[in-house]
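Undergrad: One structure coming up, written as structure tokens, with questions to follow.
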Amino acid sequence: MGQVMFIVWRESVEALLVVGILHAWLANPDHGAKRGLPYLWAGVVLGIAAAVGLGAALVGFTEVLSGDAQDYFQTAMVLVACVLIVQMVFWMKRNGRTLKRDMESSLQKNHDQGTWWGVLVLVALAIAREGSETAIFLYGLGFGQGGSVPMSMWLAVVIGFALALVTFWLLQLGGKIFSWRLFFRVTEIMLLFLAAGLLESGLDRLISLELVPTLVDQLWDTSAILDDASPFGSLVATLTGYRAHPSGMNLLVYAVYWLFMWVLLKRAGAPPAKQVKPA
């Protein structure tokens, strides 16, 4: 439940950020662009509909499959969710600083051309992207894989979205404690740990399907300290990739993942190389 709440919270805040930037510009009297507001809300509705459609398709497709085919599909979606989380983190890290400027530039272009269809497309694609990622992440966490969805999962979605609204409001107030920079810095670390957890879950499925060897069946057993089969241990395992009795392959993949993330983070944080003008 906690994983579902976190994903909905983080993705909803990002979607609210996009809508908030566009709404603030369109509603500004100095821009004379209020005619674009209906296109903004139409884009939001279309984006949400696309995301809901993808979620329904994932659940429906699972019900059609059976046996090993269903296991393979669910395993693939867990790994896809892992890749998408990593991609999302580095996309925001690369584009976050210029996101507001780029969107406002696009709005100004639409305003100058006297057409607002571009706003509808921009918002629809942005919301559909965030919503589709959320649908895939939730499916990777087991949401809807059994056909029916428990009420606790729906409650987690509602709470996650409510927390997103409160978080967005606090971030809009500004300040040193609740700042966008701090928010994305903390949550990107949490997302990378969640991606590690999904990667380990996908690996466990591949091992159970005998598609990947264990190398060593069990390296150690820390279940006496924290059992990953307990409710709290299961939450920690999902959010971090922790295993009480990992196999050799679990440890190897976990180490390679974080080495890869370290390299990517180092490259993302490096200043761009200066171009040397020819003499």
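By convention in this document, the chains of the structure tokens carry letters A, B, ... by their order, each chain's residues are numbered from 1, and ligands are numbered from 1 in the order they are shown.
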Would you please give, as a PyMOL selection string, all residues of segment 16-258 of chain A that DSSP assigns to alpha helix (DSSP H) based on the backbone?
TA: chain A and resi 16-27+37-64+68-95+99-113+117-140+151-173+180-208+231-240+248-258
Undergrad: Please identify every residue of segment 121-183 of chain A that has at least one atom no farther than 12 Å from an atom of segment 92-111 of chain A, counting only C-alpha atoms, and for each give the shortest atom pair and the distance in Å to one decimal, arranged by chain then increasing number, as a Markdown table.
TA:
```
| residue | atom | partner | partner_atom | distance |
| --- | --- | --- | --- | --- |
| A:Val121 | CA | A:Ser106 | CA | 11.4 |
| A:Leu122 | CA | A:Met103 | CA | 8.7 |
| A:Val123 | CA | A:Met103 | CA | 10.0 |
| A:Ala126 | CA | A:Met103 | CA | 10.9 |
| A:Glu130 | CA | A:Met92 | CA | 11.9 |
| A:Trp180 | CA | A:Gly96 | CA | 9.7 |
| A:Arg181 | CA | A:Gly96 | CA | 9.1 |
| A:Phe183 | CA | A:Gly96 | CA | 11.9 |
```
Undergrad: Restricted to N, CA and C atoms, what would the selected residues look like written as an mmCIF file, in the first residue's frame?
TA:
```cif
data_model
loop_
_atom_site.group_PDB
_atom_site.id
_atom_site.type_symbol
_atom_site.label_atom_id
_atom_site.label_comp_id
_atom_site.auth_asym_id
_atom_site.auth_seq_id
_atom_site.Cartn_x
_atom_site.Cartn_y
_atom_site.Cartn_z
ATOM 1 N N VAL A 121 -2.744 19.621 -27.110
ATOM 2 C CA VAL A 121 -1.842 18.488 -27.404
ATOM 3 C C VAL A 121 -0.727 18.408 -26.367
ATOM 4 N N LEU A 122 -0.146 19.578 -26.027
ATOM 5 C CA LEU A 122 0.946 19.616 -25.053
ATOM 6 C C LEU A 122 0.498 19.056 -23.706
ATOM 7 N N VAL A 123 -0.650 19.512 -23.231
ATOM 8 C CA VAL A 123 -1.145 19.052 -21.928
ATOM 9 C C VAL A 123 -1.550 17.582 -21.981
ATOM 10 N N ALA A 126 1.538 15.454 -21.924
ATOM 11 C CA ALA A 126 2.213 15.496 -20.623
ATOM 12 C C ALA A 126 1.458 14.669 -19.588
ATOM 13 N N GLU A 130 2.664 11.082 -17.766
ATOM 14 C CA GLU A 130 2.722 10.852 -16.321
ATOM 15 C C GLU A 130 1.737 9.760 -15.900
ATOM 16 N N TRP A 180 10.957 23.231 -4.594
ATOM 17 C CA TRP A 180 10.925 22.271 -5.690
ATOM 18 C C TRP A 180 12.248 21.533 -5.826
ATOM 19 N N ARG A 181 13.363 22.254 -5.662
ATOM 20 C CA ARG A 181 14.675 21.619 -5.811
ATOM 21 C C ARG A 181 14.876 20.522 -4.778
ATOM 22 N N PHE A 183 12.485 18.950 -3.117
ATOM 23 C CA PHE A 183 11.507 17.903 -3.370
ATOM 24 C C PHE A 183 12.012 16.906 -4.408
#
```
Undergrad: Neighbouring residues of Ala196 of chain A were defined as those with any atom within 8 Å, considering only C-alpha atoms; residues of the same chain fewer than 5 positions away were excluded. Please report them as a list in words.
TA: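 Once the adjacent positions are removed, what remains is Cys82, Leu239, Thr240, Gly241, Tyr254 and Tyr257 of chain A.
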Undergrad: With N, CA, C and O atoms retained, could you export that selection as a compact mmCIF listing (two decimals), in the first residue's frame?
TA:
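Dumped everything to again-v4.txt:
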```
# COMPACT_ATOMS: atom_id res chain seq x y z
N CYS A 82 10.73 -0.57 -13.95
CA CYS A 82 12.05 -0.21 -13.42
C CYS A 82 12.77 0.73 -14.37
O CYS A 82 13.30 1.78 -13.95
N LEU A 239 10.62 -1.15 -1.60
CA LEU A 239 11.11 0.22 -1.76
C LEU A 239 12.62 0.32 -1.93
O LEU A 239 13.11 1.36 -2.37
N THR A 240 13.36 -0.75 -1.58
CA THR A 240 14.82 -0.65 -1.64
C THR A 240 15.50 -1.80 -2.37
O THR A 240 16.65 -1.67 -2.77
N GLY A 241 14.80 -2.93 -2.52
CA GLY A 241 15.45 -4.10 -3.10
C GLY A 241 16.10 -5.00 -2.07
O GLY A 241 16.82 -5.94 -2.42
N TYR A 254 22.19 -6.17 -8.00
CA TYR A 254 22.01 -4.98 -7.17
C TYR A 254 23.25 -4.09 -7.21
O TYR A 254 23.16 -2.87 -7.32
N TYR A 257 23.60 -2.48 -10.66
CA TYR A 257 22.59 -1.41 -10.81
C TYR A 257 23.08 -0.12 -10.18
O TYR A 257 23.05 0.95 -10.81
```
Undergrad: Pick out the closest residue to Pro246 of chain A from this set: A:Leu265, A:Pro150, A:Ser234, A:Asp217. Count only C-alpha atoms.
TA: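 Using only C-alpha atoms, Pro246 of chain A sits closest to A:Asp217.
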Undergrad: Leaving out segment 212-216 of chain A and any residue of its chain fewer than 3 positions from it, which residues lie within 7 Å of it when counting only C-alpha atoms, given as a count of residues only?
TA: 6
Undergrad: I want to know what sits within 10 Å of Ala42 of chain A, based on only C-alpha atoms, with residues of the same chain fewer than 2 positions away left out; could you give that as a list in words?
TA: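 Counting only the stated atoms, we get Leu37, Pro38, Tyr39, Leu40, Val44, Val45, Leu46, Gly47, Val119, Leu120, Val121, Val123 and Ala124 of chain A.
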Undergrad: Compile the contact shell of Glu200 of chain A as a list of chain:residue names: residues with an atom at most 9 Å away, counting only C-alpha atoms, same-chain residues fewer than 5 positions apart removed.
TA: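 Once the nearby chain positions are removed, what remains is A:Ala195, A:Arg205, A:Ala237, A:Thr238, A:Gly241, A:Tyr242, A:Arg243, A:Asn250, A:Val253, A:Tyr254.
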Undergrad: Please produce a file of the residues just selected, as a PDB file, in the first residue's frame, where the atoms kept are N, CA, C and O atoms.
TA:
```pdb
ATOM      1  N   ALA A 195      13.162   1.717  -7.968  1.00  0.00           N
ATOM      2  CA  ALA A 195      13.539   1.026  -9.208  1.00  0.00           C
ATOM      3  C   ALA A 195      14.414  -0.183  -8.908  1.00  0.00           C
ATOM      4  O   ALA A 195      14.270  -1.238  -9.541  1.00  0.00           O
ATOM      5  N   ARG A 205      11.504 -13.165 -10.229  1.00  0.00           N
ATOM      6  CA  ARG A 205      10.577 -13.842 -11.138  1.00  0.00           C
ATOM      7  C   ARG A 205      11.338 -14.613 -12.211  1.00  0.00           C
ATOM      8  O   ARG A 205      10.977 -15.745 -12.547  1.00  0.00           O
ATOM      9  N   ALA A 237      11.594  -4.183   1.331  1.00  0.00           N
ATOM     10  CA  ALA A 237      12.107  -4.915   0.173  1.00  0.00           C
ATOM     11  C   ALA A 237      11.640  -4.289  -1.137  1.00  0.00           C
ATOM     12  O   ALA A 237      12.405  -4.148  -2.096  1.00  0.00           O
ATOM     13  N   THR A 238      10.366  -3.897  -1.188  1.00  0.00           N
ATOM     14  CA  THR A 238       9.815  -3.298  -2.404  1.00  0.00           C
ATOM     15  C   THR A 238      10.414  -1.928  -2.668  1.00  0.00           C
ATOM     16  O   THR A 238      10.697  -1.569  -3.815  1.00  0.00           O
ATOM     17  N   GLY A 241      14.805  -2.930  -2.519  1.00  0.00           N
ATOM     18  CA  GLY A 241      15.452  -4.103  -3.103  1.00  0.00           C
ATOM     19  C   GLY A 241      16.098  -5.004  -2.070  1.00  0.00           C
ATOM     20  O   GLY A 241      16.824  -5.942  -2.419  1.00  0.00           O
ATOM     21  N   TYR A 242      15.848  -4.736  -0.782  1.00  0.00           N
ATOM     22  CA  TYR A 242      16.415  -5.549   0.296  1.00  0.00           C
ATOM     23  C   TYR A 242      15.948  -6.997   0.193  1.00  0.00           C
ATOM     24  O   TYR A 242      14.796  -7.282  -0.110  1.00  0.00           O
ATOM     25  N   ARG A 243      16.880  -7.929   0.453  1.00  0.00           N
ATOM     26  CA  ARG A 243      16.562  -9.354   0.520  1.00  0.00           C
ATOM     27  C   ARG A 243      17.183  -9.942   1.779  1.00  0.00           C
ATOM     28  O   ARG A 243      18.374  -9.737   2.034  1.00  0.00           O
ATOM     29  N   ASN A 250      21.193 -12.013  -7.064  1.00  0.00           N
ATOM     30  CA  ASN A 250      20.551 -10.836  -6.454  1.00  0.00           C
ATOM     31  C   ASN A 250      21.595  -9.783  -6.088  1.00  0.00           C
ATOM     32  O   ASN A 250      21.423  -8.595  -6.390  1.00  0.00           O
ATOM     33  N   VAL A 253      23.411  -8.290  -9.360  1.00  0.00           N
ATOM     34  CA  VAL A 253      22.565  -7.350 -10.113  1.00  0.00           C
ATOM     35  C   VAL A 253      22.377  -6.061  -9.319  1.00  0.00           C
ATOM     36  O   VAL A 253      22.409  -4.960  -9.893  1.00  0.00           O
ATOM     37  N   TYR A 254      22.192  -6.167  -8.003  1.00  0.00           N
ATOM     38  CA  TYR A 254      22.005  -4.981  -7.165  1.00  0.00           C
ATOM     39  C   TYR A 254      23.251  -4.094  -7.205  1.00  0.00           C
ATOM     40  O   TYR A 254      23.157  -2.867  -7.318  1.00  0.00           O
TER      41      TYR A 254
END
```
